[in-house]
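Trainee: Below is the file structure_10.tsv, with TSV, C-alpha atoms and all ligand atoms.
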```tsv
chain	number	residue	atom	x	y	z
A	20	MET	CA	10.15	15.38	35.72
A	21	ASN	CA	9.31	11.90	37.05
A	22	HIS	CA	10.39	9.17	34.65
A	23	ILE	CA	8.88	5.81	35.50
A	24	ILE	CA	10.75	4.05	32.68
A	25	ASP	CA	14.23	5.05	31.57
A	26	VAL	CA	15.93	3.25	28.68
A	27	ASN	CA	19.50	4.02	27.70
A	28	ASN	CA	21.38	2.77	24.63
A	29	LEU	CA	19.43	-0.47	24.39
A	30	SER	CA	20.51	-2.87	21.66
A	31	LYS	CA	19.32	-6.39	20.98
A	32	SER	CA	20.18	-8.89	18.27
A	33	PHE	CA	19.13	-12.47	17.61
A	34	GLY	CA	22.25	-13.95	16.01
A	35	SER	CA	22.99	-11.79	12.99
A	36	ASN	CA	19.53	-10.19	13.09
A	37	THR	CA	19.93	-6.80	14.75
A	38	VAL	CA	16.49	-5.86	16.03
A	39	LEU	CA	16.96	-2.89	18.39
A	40	ILE	CA	19.78	-0.40	17.83
A	41	ASP	CA	20.90	2.02	20.51
A	42	LEU	CA	17.43	2.92	21.70
A	43	SER	CA	17.13	5.60	24.37
A	44	PHE	CA	13.87	7.00	25.67
A	45	LYS	CA	12.13	7.99	28.87
A	46	ILE	CA	8.51	7.56	29.83
A	47	GLU	CA	6.87	9.96	32.21
A	48	GLU	CA	4.66	8.66	34.99
A	49	GLY	CA	0.99	8.76	34.02
A	50	SER	CA	1.51	8.78	30.27
A	51	VAL	CA	-0.12	6.53	27.70
A	52	VAL	CA	2.39	5.52	25.04
A	53	GLY	CA	1.66	3.54	21.90
A	54	ILE	CA	4.59	1.70	20.34
A	55	LEU	CA	4.03	1.70	16.63
A	56	GLY	CA	6.06	-0.20	14.09
A	57	ALA	CA	5.77	-2.54	11.12
A	58	ASN	CA	5.73	-6.32	11.51
A	59	GLY	CA	9.11	-7.37	12.81
A	60	ALA	CA	10.06	-3.82	13.83
A	61	GLY	CA	10.94	-5.07	17.32
A	62	LYS	CA	7.90	-4.04	19.39
A	63	THR	CA	7.59	-7.37	21.22
A	64	THR	CA	11.35	-7.58	21.63
A	65	LEU	CA	11.41	-4.12	23.17
A	66	LEU	CA	8.55	-4.85	25.59
A	67	GLN	CA	10.12	-8.16	26.61
A	68	CYS	CA	13.50	-6.49	27.20
A	69	LEU	CA	11.80	-3.87	29.37
A	70	ILE	CA	10.40	-6.41	31.80
A	71	GLY	CA	13.50	-8.63	31.72
A	72	MET	CA	11.90	-11.53	29.81
A	73	LEU	CA	14.63	-11.02	27.22
A	74	LYS	CA	18.17	-10.03	28.04
A	75	SER	CA	19.39	-7.00	26.14
A	76	ASP	CA	22.89	-7.15	24.60
A	77	VAL	CA	23.82	-3.59	25.53
A	78	GLY	CA	22.23	-0.76	27.46
A	79	ASP	CA	20.31	-0.38	30.64
A	80	ILE	CA	16.68	-0.15	31.62
A	81	THR	CA	15.37	1.35	34.84
A	82	ILE	CA	11.76	0.87	35.92
A	83	LEU	CA	10.40	2.53	39.06
A	84	GLY	CA	13.99	3.19	40.10
A	85	ASP	CA	15.07	-0.47	39.82
A	86	LYS	CA	17.58	-1.66	37.23
A	87	CYS	CA	16.24	-4.42	34.98
A	88	PRO	CA	16.26	-7.38	35.60
A	89	ASN	CA	16.87	-6.86	39.33
A	90	PHE	CA	13.37	-5.70	40.15
A	91	SER	CA	12.23	-5.57	43.78
A	92	VAL	CA	9.03	-7.40	44.72
A	93	ASN	CA	7.29	-4.03	44.93
A	94	THR	CA	8.35	-3.13	41.37
A	95	LYS	CA	7.27	-6.55	40.11
A	96	HIS	CA	3.85	-6.02	41.70
A	97	ASN	CA	3.63	-2.70	39.93
A	98	ILE	CA	4.23	-4.04	36.43
A	99	GLY	CA	1.27	-5.61	34.67
A	100	TYR	CA	2.24	-7.39	31.45
A	101	VAL	CA	0.08	-9.09	28.85
A	102	GLY	CA	1.90	-10.76	25.98
A	103	GLN	CA	0.54	-11.46	22.52
A	104	GLU	CA	-0.46	-14.97	23.45
A	105	ALA	CA	-2.41	-15.01	26.67
A	106	ASP	CA	-0.61	-17.45	28.92
A	107	LEU	CA	-3.40	-18.91	31.06
A	108	LEU	CA	-3.97	-22.07	33.07
A	109	ASN	CA	-6.23	-23.92	30.66
A	110	TRP	CA	-7.64	-26.41	33.15
A	111	MET	CA	-9.22	-23.68	35.28
A	112	LYS	CA	-12.51	-21.86	34.91
A	113	VAL	CA	-12.60	-18.06	34.64
A	114	ASN	CA	-13.57	-17.53	38.30
A	115	GLN	CA	-10.90	-20.02	39.45
A	116	ILE	CA	-8.04	-18.24	37.68
A	117	ILE	CA	-9.27	-14.92	39.03
A	118	ASP	CA	-9.29	-16.25	42.63
A	119	TYR	CA	-5.95	-17.97	42.09
A	120	THR	CA	-4.19	-14.92	40.64
A	121	LYS	CA	-5.66	-12.65	43.32
A	122	GLN	CA	-3.71	-14.57	46.00
A	123	PHE	CA	-0.41	-13.25	44.63
A	124	TYR	CA	-1.24	-9.60	45.14
A	125	ASN	CA	-1.71	-7.18	48.02
A	126	HIS	CA	-4.09	-5.03	46.00
A	127	TRP	CA	-6.92	-6.38	43.88
A	128	ASN	CA	-9.82	-4.38	42.51
A	129	ASP	CA	-12.81	-6.78	42.70
A	130	ASP	CA	-15.23	-4.12	41.41
A	131	MET	CA	-13.10	-3.54	38.33
A	132	VAL	CA	-12.95	-7.29	37.68
A	133	GLU	CA	-16.76	-7.62	37.94
A	134	GLN	CA	-17.27	-4.61	35.69
A	135	LEU	CA	-14.86	-5.80	33.02
A	136	LEU	CA	-16.29	-9.34	33.05
A	137	GLU	CA	-19.71	-7.81	32.43
A	138	ASP	CA	-18.52	-5.27	29.83
A	139	TRP	CA	-16.61	-7.93	27.94
A	140	ASP	CA	-19.27	-10.65	28.21
A	141	LEU	CA	-17.08	-13.16	29.99
A	142	SER	CA	-18.85	-15.78	32.09
A	143	LYS	CA	-17.17	-16.78	35.35
A	144	GLN	CA	-18.17	-20.39	34.81
A	145	GLN	CA	-16.55	-20.72	31.38
A	146	LYS	CA	-13.63	-23.10	31.06
A	147	ILE	CA	-10.46	-21.33	29.93
A	148	SER	CA	-9.71	-24.11	27.43
A	149	LYS	CA	-13.02	-23.29	25.70
A	150	LEU	CA	-12.41	-19.54	25.35
A	151	SER	CA	-11.79	-17.96	21.94
A	152	VAL	CA	-8.51	-16.13	21.28
A	153	GLY	CA	-10.19	-12.76	21.88
A	154	GLN	CA	-11.84	-13.97	25.11
A	155	ARG	CA	-8.49	-15.27	26.39
A	156	GLN	CA	-6.94	-11.91	25.59
A	157	LYS	CA	-9.68	-10.13	27.54
A	158	LEU	CA	-9.23	-12.43	30.53
A	159	ALA	CA	-5.46	-11.95	30.50
A	160	ILE	CA	-5.97	-8.18	30.47
A	161	ILE	CA	-8.42	-8.39	33.40
A	162	LEU	CA	-5.87	-10.39	35.42
A	163	ALA	CA	-3.17	-7.82	34.61
A	164	VAL	CA	-5.21	-4.72	35.48
A	165	ALA	CA	-6.97	-6.03	38.63
A	166	PRO	CA	-3.92	-5.51	40.93
A	167	GLN	CA	-3.83	-1.90	39.65
A	168	PRO	CA	-0.14	-1.88	38.82
A	169	LYS	CA	1.51	1.49	38.30
A	170	ILE	CA	2.65	0.36	34.85
A	171	LEU	CA	0.69	-1.65	32.33
A	172	ILE	CA	2.65	-3.14	29.43
A	173	LEU	CA	0.43	-4.64	26.76
A	174	ASP	CA	1.69	-6.31	23.60
A	175	GLU	CA	-0.93	-5.77	20.89
A	176	PRO	CA	-3.78	-5.90	23.39
A	177	VAL	CA	-6.47	-5.24	20.81
A	178	ALA	CA	-5.16	-7.43	17.99
A	179	SER	CA	-7.78	-10.13	18.49
A	180	LEU	CA	-10.65	-7.95	19.69
A	181	ASP	CA	-13.59	-7.00	17.48
A	182	PRO	CA	-14.07	-3.27	16.71
A	183	THR	CA	-16.79	-2.73	19.38
A	184	THR	CA	-14.76	-4.42	22.09
A	185	ARG	CA	-11.66	-2.58	20.90
A	186	ARG	CA	-13.38	0.76	21.42
A	187	LYS	CA	-14.64	-0.31	24.85
A	188	PHE	CA	-11.17	-1.51	25.72
A	189	ILE	CA	-9.56	1.75	24.63
A	190	LYS	CA	-12.10	3.64	26.75
A	191	THR	CA	-11.25	1.41	29.73
A	192	LEU	CA	-7.56	2.21	29.21
A	193	ILE	CA	-8.24	5.94	29.13
A	194	ASP	CA	-10.41	5.70	32.26
A	195	MET	CA	-7.72	3.78	34.12
A	196	ASN	CA	-5.19	6.37	33.13
A	197	LEU	CA	-7.48	9.26	34.13
A	198	ASP	CA	-8.71	7.68	37.38
A	199	ASN	CA	-5.48	6.19	38.69
A	200	GLY	CA	-2.74	7.91	36.72
A	201	GLN	CA	-1.53	4.53	35.50
A	202	THR	CA	1.31	4.55	32.99
A	203	ILE	CA	0.29	2.50	29.99
A	204	LEU	CA	2.61	1.23	27.30
A	205	PHE	CA	1.10	-0.77	24.47
A	206	SER	CA	2.19	-1.93	21.06
A	207	THR	CA	-0.14	-1.71	18.12
A	208	HIS	CA	-0.48	-1.55	14.35
A	209	ILE	CA	-3.81	0.19	14.55
A	210	THR	CA	-3.09	3.86	14.05
A	211	SER	CA	-6.75	4.90	14.52
A	212	ASP	CA	-6.70	3.46	18.06
A	213	LEU	CA	-3.65	5.52	18.89
A	214	GLU	CA	-5.31	8.65	17.58
A	215	ARG	CA	-8.44	7.87	19.61
A	216	VAL	CA	-6.44	7.58	22.83
A	217	ALA	CA	-4.49	10.71	21.88
A	218	ALA	CA	-1.51	8.82	23.20
A	219	GLU	CA	2.11	9.61	22.84
A	220	VAL	CA	3.71	7.54	20.15
A	221	LEU	CA	7.05	5.80	20.06
A	222	LEU	CA	7.64	4.99	16.44
A	223	LEU	CA	10.10	2.22	15.73
A	224	LYS	CA	11.73	1.98	12.34
A	225	GLN	CA	14.53	-0.41	11.44
A	226	GLY	CA	15.40	-0.91	15.08
A	227	ARG	CA	15.64	2.75	15.93
A	228	CYS	CA	13.28	5.23	17.50
A	229	PHE	CA	12.12	7.41	14.60
A	230	PHE	CA	9.97	9.58	16.86
A	231	GLN	CA	8.79	9.80	20.44
A	232	GLY	CA	6.23	12.36	21.51
A	233	ASP	CA	2.72	13.62	20.92
A	234	ILE	CA	0.97	12.50	17.78
A	235	ASP	CA	0.16	16.14	17.00
A	236	ASP	CA	3.87	17.01	17.09
A	237	LEU	CA	4.61	14.12	14.72
A	238	LYS	CA	1.89	15.40	12.38
A	239	GLU	CA	3.38	18.89	12.50
A	240	GLN	CA	6.77	17.50	11.50
A	241	VAL	CA	5.94	14.92	8.84
A	242	VAL	CA	3.95	16.56	6.05
A	243	ARG	CA	3.54	16.32	2.29
A	244	LEU	CA	4.65	19.23	0.12
A	245	HIS	CA	2.83	19.80	-3.16
A	246	ILE	CA	5.09	21.65	-5.56
A	247	SER	CA	3.97	23.24	-8.82
A	248	SER	CA	6.44	24.98	-11.06
A	249	LYS	CA	6.29	26.62	-14.49
A	250	ARG	CA	9.26	24.50	-15.54
A	251	PRO	CA	10.16	20.84	-15.04
A	252	ILE	CA	11.19	20.09	-11.49
A	253	ASP	CA	14.73	18.85	-11.01
A	254	ALA	CA	14.95	15.35	-9.47
A	255	GLN	CA	17.66	16.67	-7.13
A	256	LEU	CA	15.49	18.97	-5.03
A	257	PRO	CA	17.34	21.04	-2.43
A	258	ILE	CA	15.23	19.62	0.41
A	259	THR	CA	16.51	17.84	3.49
A	260	GLY	CA	14.78	14.87	5.13
A	261	ILE	CA	12.85	13.55	2.13
A	262	LEU	CA	10.94	10.35	2.96
A	263	THR	CA	9.22	9.83	-0.39
A	264	ALA	CA	9.24	11.83	-3.60
A	265	ASP	CA	6.91	11.64	-6.57
A	266	ILE	CA	8.15	14.04	-9.25
A	267	ASN	CA	6.17	14.31	-12.44
A	268	GLY	CA	7.21	17.11	-14.82
A	269	GLN	CA	6.17	20.45	-13.32
A	270	HIS	CA	4.51	18.87	-10.29
A	271	ALA	CA	5.88	17.02	-7.31
A	272	SER	CA	4.59	15.52	-4.07
A	273	ILE	CA	7.32	15.22	-1.47
A	274	THR	CA	6.89	13.82	2.02
A	275	VAL	CA	9.44	15.24	4.44
A	276	LYS	CA	10.60	14.14	7.90
A	277	ASN	CA	10.57	17.55	9.51
A	278	VAL	CA	9.06	20.50	7.67
A	279	LYS	CA	10.44	22.83	10.38
A	280	ASP	CA	13.92	22.25	8.93
A	281	ILE	CA	12.80	23.71	5.61
A	282	ASN	CA	12.34	27.39	4.80
A	283	ILE	CA	9.34	27.01	2.48
A	284	ASP	CA	9.35	30.61	1.17
A	285	GLN	CA	13.05	30.45	0.39
A	286	LEU	CA	12.62	27.06	-1.30
A	287	ALA	CA	9.69	28.31	-3.40
A	288	GLU	CA	11.80	31.22	-4.60
A	289	GLU	CA	14.84	29.04	-5.24
A	290	ILE	CA	13.00	26.55	-7.44
A	291	ASP	CA	10.48	29.09	-8.76
A	292	ALA	CA	7.42	27.13	-7.64
A	293	ASP	CA	4.25	27.34	-5.60
A	294	ILE	CA	4.37	25.09	-2.55
A	295	THR	CA	1.42	23.99	-0.43
A	296	ILE	CA	1.64	21.89	2.71
A	297	GLU	CA	-0.67	18.91	3.26
A	298	SER	CA	-1.13	17.50	6.78
A	299	LEU	CA	-1.14	13.71	7.01
A	300	SER	CA	-3.02	11.26	9.19
A	301	LEU	CA	-1.02	8.95	11.44
A	302	GLU	CA	-1.80	6.09	9.05
A	303	ASP	CA	-0.51	8.10	6.06
A	304	ILE	CA	2.66	8.90	7.98
A	305	PHE	CA	3.12	5.23	8.85
A	306	VAL	CA	2.67	4.20	5.21
A	307	GLU	CA	5.02	6.93	3.95
A	308	LEU	CA	7.67	5.81	6.41
A	309	HIS	CA	7.47	2.26	5.18
A	310	SER	CA	7.18	2.76	1.42
B	401	LIG	N1	13.25	-15.52	20.14
B	401	LIG	C1	13.64	-15.06	18.96
B	401	LIG	N2	14.64	-15.68	18.30
B	401	LIG	C2	15.08	-15.23	17.10
B	401	LIG	N3	14.57	-14.15	16.47
B	401	LIG	C3	13.57	-13.51	17.08
B	401	LIG	C4	13.05	-13.93	18.35
B	401	LIG	N4	12.05	-13.08	18.71
B	401	LIG	C5	11.95	-12.19	17.71
B	401	LIG	N5	12.86	-12.43	16.73
B	401	LIG	C6	13.06	-11.62	15.51
B	401	LIG	O1	13.19	-10.27	15.90
B	401	LIG	C7	12.54	-9.40	14.96
B	401	LIG	C8	11.54	-8.53	15.71
B	401	LIG	O2	10.48	-9.35	16.15
B	401	LIG	P1	9.35	-8.77	17.11
B	401	LIG	O3	8.42	-9.89	17.43
B	401	LIG	O4	9.96	-8.03	18.24
B	401	LIG	O5	8.64	-7.69	16.15
B	401	LIG	P2	7.23	-6.99	16.27
B	401	LIG	O6	7.44	-5.54	15.93
B	401	LIG	O7	6.63	-7.26	17.61
B	401	LIG	O8	6.42	-7.72	15.13
B	401	LIG	P3	4.85	-8.02	14.94
B	401	LIG	O9	4.20	-6.69	14.70
B	401	LIG	O10	4.82	-8.87	13.72
B	401	LIG	O11	4.35	-8.70	16.18
B	401	LIG	C9	11.93	-10.30	13.91
B	401	LIG	O12	12.83	-10.33	12.81
B	401	LIG	C10	11.87	-11.67	14.58
B	401	LIG	O13	12.01	-12.69	13.65
```
Written as structure tokens, that's how I'd like the structure from this file.
Ligand SMILES: Nc1ncnc2c1ncn2[C@@H]1O[C@H](COP(=O)(O)OP(=O)(O)OP(=O)(O)O)[C@@H](O)[C@H]1O
Mentor:
Amino acid sequence: MNHIIDVNNLSKSFGSNTVLIDLSFKIEEGSVVGILGANGAGKTTLLQCLIGMLKSDVGDITILGDKCPNFSVNTKHNIGYVGQEADLLNWMKVNQIIDYTKQFYNHWNDDMVEQLLEDWDLSKQQKISKLSVGQRQKLAIILAVAPQPKILILDEPVASLDPTTRRKFIKTLIDMNLDNGQTILFSTHITSDLERVAAEVLLLKQGRCFFQGDIDDLKEQVVRLHISSKRPIDAQLPITGILTADINGQHASITVKNVKDINIDQLAEEIDADITIESLSLEDIFVELHS
């Protein structure tokens, strides 16, 4: 299997604030991965450590075979990064920054630039200093995707885009992935976007990777059990991996981390109850994890 990004035992603290704890994960070439986590979960920190903008305390990161931060010129050319705040040269016009940035790259997809400018209603003659936050974000994304890097790393790319543009943007991402096999890593809070892309998810919780894999696999693992018994349900249920529990007399709703670890028939017999399994949306899972 070809891993384009390989992270081993990554930890990062700011003073006494431990943000990332012993993170290890691999990303396959051509995958689209959404990094999901609450505010302050460490998404930006992780993305910045990956590209060497931040120095990790422990652990190592390999991208395209190069150890971070010693990336070859070729690897640097193949990483497109857009941070939360689009860092643009304010005194230029849109067409000027496009021409300027183009000079740094061997590959530049002019057709894609024209198409995205049109799709995202950006005028070439607009001054960058006069662009709205969302327009700046769009321009930064265009500059990052035009060289067609093998890896695109986007920190909350859709945060300042309106819903229509967000959908268009997500479609553009999928097309880029389908057409060019680009590996795309993006952080987001918007679970519906992740479901729309049918991306893999890397779920960060309290500095650790709670889950990495397909959203469908996550949904198969994290479910809510509805328990009904003829007698009051004991608060100490013999269930492993409980995330949240709401026990009310003879009824209980229990959200569990991995239903595959539980023998439901055996449990039903043991506590003399009927048990039904409810599937959860990604948003429900996110909320359950953080309640
Ligand atoms: N340069 C820094 N110096 C000190 N602390 C920092 C720095 N950058 C981030 N932090 C802290 O690290 C933690 C993680 O922040 P980070 O921005 O990575 O989270 P995030 O998941 O991207 O959050 P959000 O969703 O709000 O953007 C926070 O507690 C933040 O205060």
Trainee: List as a list in words the protein and nucleic acid residues near A:Thr63, meaning an atom at most 10 Å away when all atoms listed in the file are counted, but skip any in the same chain fewer than 2 places from it.
Mentor: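 With the cut-off at 10 Å, the set is Ile54, Asn58, Gly59, Ala60, Gly61, Leu65, Leu66, Gln67, Cys68, Leu69, Leu73, Gly102, Gln103, Leu173, Asp174, Glu175, Phe205 and Ser206 of chain A.
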Trainee: Restricting the calculation to all atoms listed in the file, which member of A:Ser211, A:Asn125, A:Asn282, A:Gln154 is positioned closest to A:Glu104?
Mentor: A:Gln154
Trainee: Counting only C-alpha atoms, select every polymer residue within 12 Å of (9.5, 1.7, 16.2) as defined in the file's coordinates, and provide the selection as a count of residues only.
Mentor: 39
Trainee: Check the smallest atom-to-atom distance from each of A:Glu214, A:Glu219, A:His96, A:Ile209 to A:Ala165 using all atoms listed in the file, then report the winner.
Mentor: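 Of the candidates, the smallest distance to A:Ala165 is held by A:His96.
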Trainee: Around (-7.5, -7.6, 27.0), as given in the file, which residues come within 8 Å? Count all atoms listed in the file and list them as a list in words.
Mentor: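 Selection result: Val101, Gly153, Gln154, Arg155, Gln156, Lys157, Leu158, Ala159, Ile160, Ile161, Pro176, Val177, Leu180 and Phe188 of chain A.
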Trainee: Report as a VMD selection string all protein, DNA and RNA residues lying within 10 Å of stretch 257-267 of chain A, evaluated on only C-alpha atoms, omitting residues in the same chain fewer than 5 positions from it.
Mentor: chain A and resid 241 to 247 251 to 252 272 to 278 280 to 283 286 289 to 290 304 307 to 310
Trainee: Report, as JSON, the centre and edge lengths in Å (one decimal) of the axis-aligned box enclosing every listed atom of ligand LIG 401 (chain B), padded by 5 Å on each side.
Mentor:
```
{"center_x": 9.6, "center_y": -10.6, "center_z": 16.5, "size_x": 20.9, "size_y": 20.1, "size_z": 17.3}
```
Trainee: Which value, in Å to one decimal, gives the distance between atom CA of A:Gln122 and atom CA of A:Ile24?
Mentor: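 For atom CA of A:Gln122 relative to atom CA of A:Ile24, the distance reads 27.1 Å.
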Trainee: Fewer than 2 positions away in the same chain doesn't count, so skip those; otherwise give me all residues within 12 Å of A:Asp130, counting all atoms listed in the file, as JSON, numbers by chain.
Mentor: {"A": [127, 128, 132, 133, 134, 135, 136, 137, 161, 164, 165, 166, 167]}
Trainee: For ligand LIG 401 (chain B), which residue out of A:Val152, A:Met72, A:Ala287, A:Ile80 is the nearest one, using all atoms listed in the file?
Mentor: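 Under the stated criterion, the closest residue is A:Met72.
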Trainee: Distance atom CA of A:Thr120-atom CA of A:Leu162, one decimal place?
Mentor: 7.1 Å
Trainee: Of the candidates A:Lys187, A:Lys249, A:Lys169, A:Lys238, which one gets nearest to A:Ile203 if we count all atoms listed in the file?
Mentor: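 Among A:Lys187, A:Lys249, A:Lys169, A:Lys238, it is A:Lys169 that comes nearest to A:Ile203.
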Trainee: In Å to one decimal, how far is atom CA of A:Ser30 from atom CA of A:Glu48?
Mentor: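 Atom CA of A:Glu48 sits 23.7 Å away from atom CA of A:Ser30.
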Trainee: Tell me which protein, DNA and RNA residues are within 7 Å of A:Asp79, counting all atoms listed in the file, leaving out same-chain ones fewer than 5 positions away, and put them as a PyMOL selection string.
Mentor: chain A and resi 26-29
Trainee: Which one of A:Lys112, A:Arg250, A:Lys31, A:His126 sits closest to ligand LIG 401 (chain B) if you count only C-alpha atoms and all ligand atoms?
Mentor: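 Once distances to ligand LIG 401 (chain B) are computed over only C-alpha atoms and all ligand atoms, the minimum belongs to A:Lys31.
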Trainee: Could you add whatever atoms are missing so that stretch 221-238 of chain A carries N, CA and C atoms, then write the result as a short mmCIF file (atom, residue, chain, number, x, y, z; two decimals), in the frame of the given file?
Mentor:
```
data_model
loop_
_atom_site.label_atom_id
_atom_site.label_comp_id
_atom_site.auth_asym_id
_atom_site.auth_seq_id
_atom_site.Cartn_x
_atom_site.Cartn_y
_atom_site.Cartn_z
N LEU A 221 5.63 6.11 20.19
CA LEU A 221 7.05 5.80 20.06
C LEU A 221 7.12 4.97 18.78
N LEU A 222 7.68 5.60 17.77
CA LEU A 222 7.64 4.99 16.44
C LEU A 222 8.97 4.31 16.16
N LEU A 223 8.89 2.98 16.00
CA LEU A 223 10.10 2.22 15.73
C LEU A 223 10.26 2.01 14.23
N LYS A 224 11.45 2.27 13.75
CA LYS A 224 11.73 1.98 12.34
C LYS A 224 13.14 1.43 12.21
N GLN A 225 13.23 0.26 11.63
CA GLN A 225 14.53 -0.41 11.44
C GLN A 225 15.36 -0.40 12.71
N GLY A 226 14.70 -0.75 13.82
CA GLY A 226 15.40 -0.91 15.08
C GLY A 226 15.68 0.36 15.85
N ARG A 227 15.36 1.49 15.25
CA ARG A 227 15.64 2.75 15.93
C ARG A 227 14.35 3.48 16.23
N CYS A 228 14.46 4.43 17.17
CA CYS A 228 13.28 5.23 17.50
C CYS A 228 13.22 6.39 16.51
N PHE A 229 12.25 6.33 15.59
CA PHE A 229 12.12 7.41 14.60
C PHE A 229 11.54 8.65 15.25
N PHE A 230 10.63 8.45 16.20
CA PHE A 230 9.97 9.58 16.86
C PHE A 230 9.42 9.14 18.19
N GLN A 231 9.52 10.01 19.19
CA GLN A 231 8.79 9.80 20.44
C GLN A 231 8.17 11.12 20.85
N GLY A 232 6.88 11.12 21.07
CA GLY A 232 6.23 12.36 21.51
C GLY A 232 4.77 12.34 21.16
N ASP A 233 4.16 13.53 21.22
CA ASP A 233 2.72 13.62 20.92
C ASP A 233 2.46 13.41 19.44
N ILE A 234 1.32 12.77 19.17
CA ILE A 234 0.97 12.50 17.78
C ILE A 234 0.85 13.83 17.01
N ASP A 235 0.32 14.85 17.69
CA ASP A 235 0.16 16.14 17.00
C ASP A 235 1.52 16.71 16.59
N ASP A 236 2.53 16.51 17.45
CA ASP A 236 3.87 17.01 17.09
C ASP A 236 4.42 16.25 15.88
N LEU A 237 4.15 14.92 15.86
CA LEU A 237 4.61 14.12 14.72
C LEU A 237 3.94 14.63 13.43
N LYS A 238 2.63 14.92 13.57
CA LYS A 238 1.89 15.40 12.38
C LYS A 238 2.36 16.77 11.93
#
```
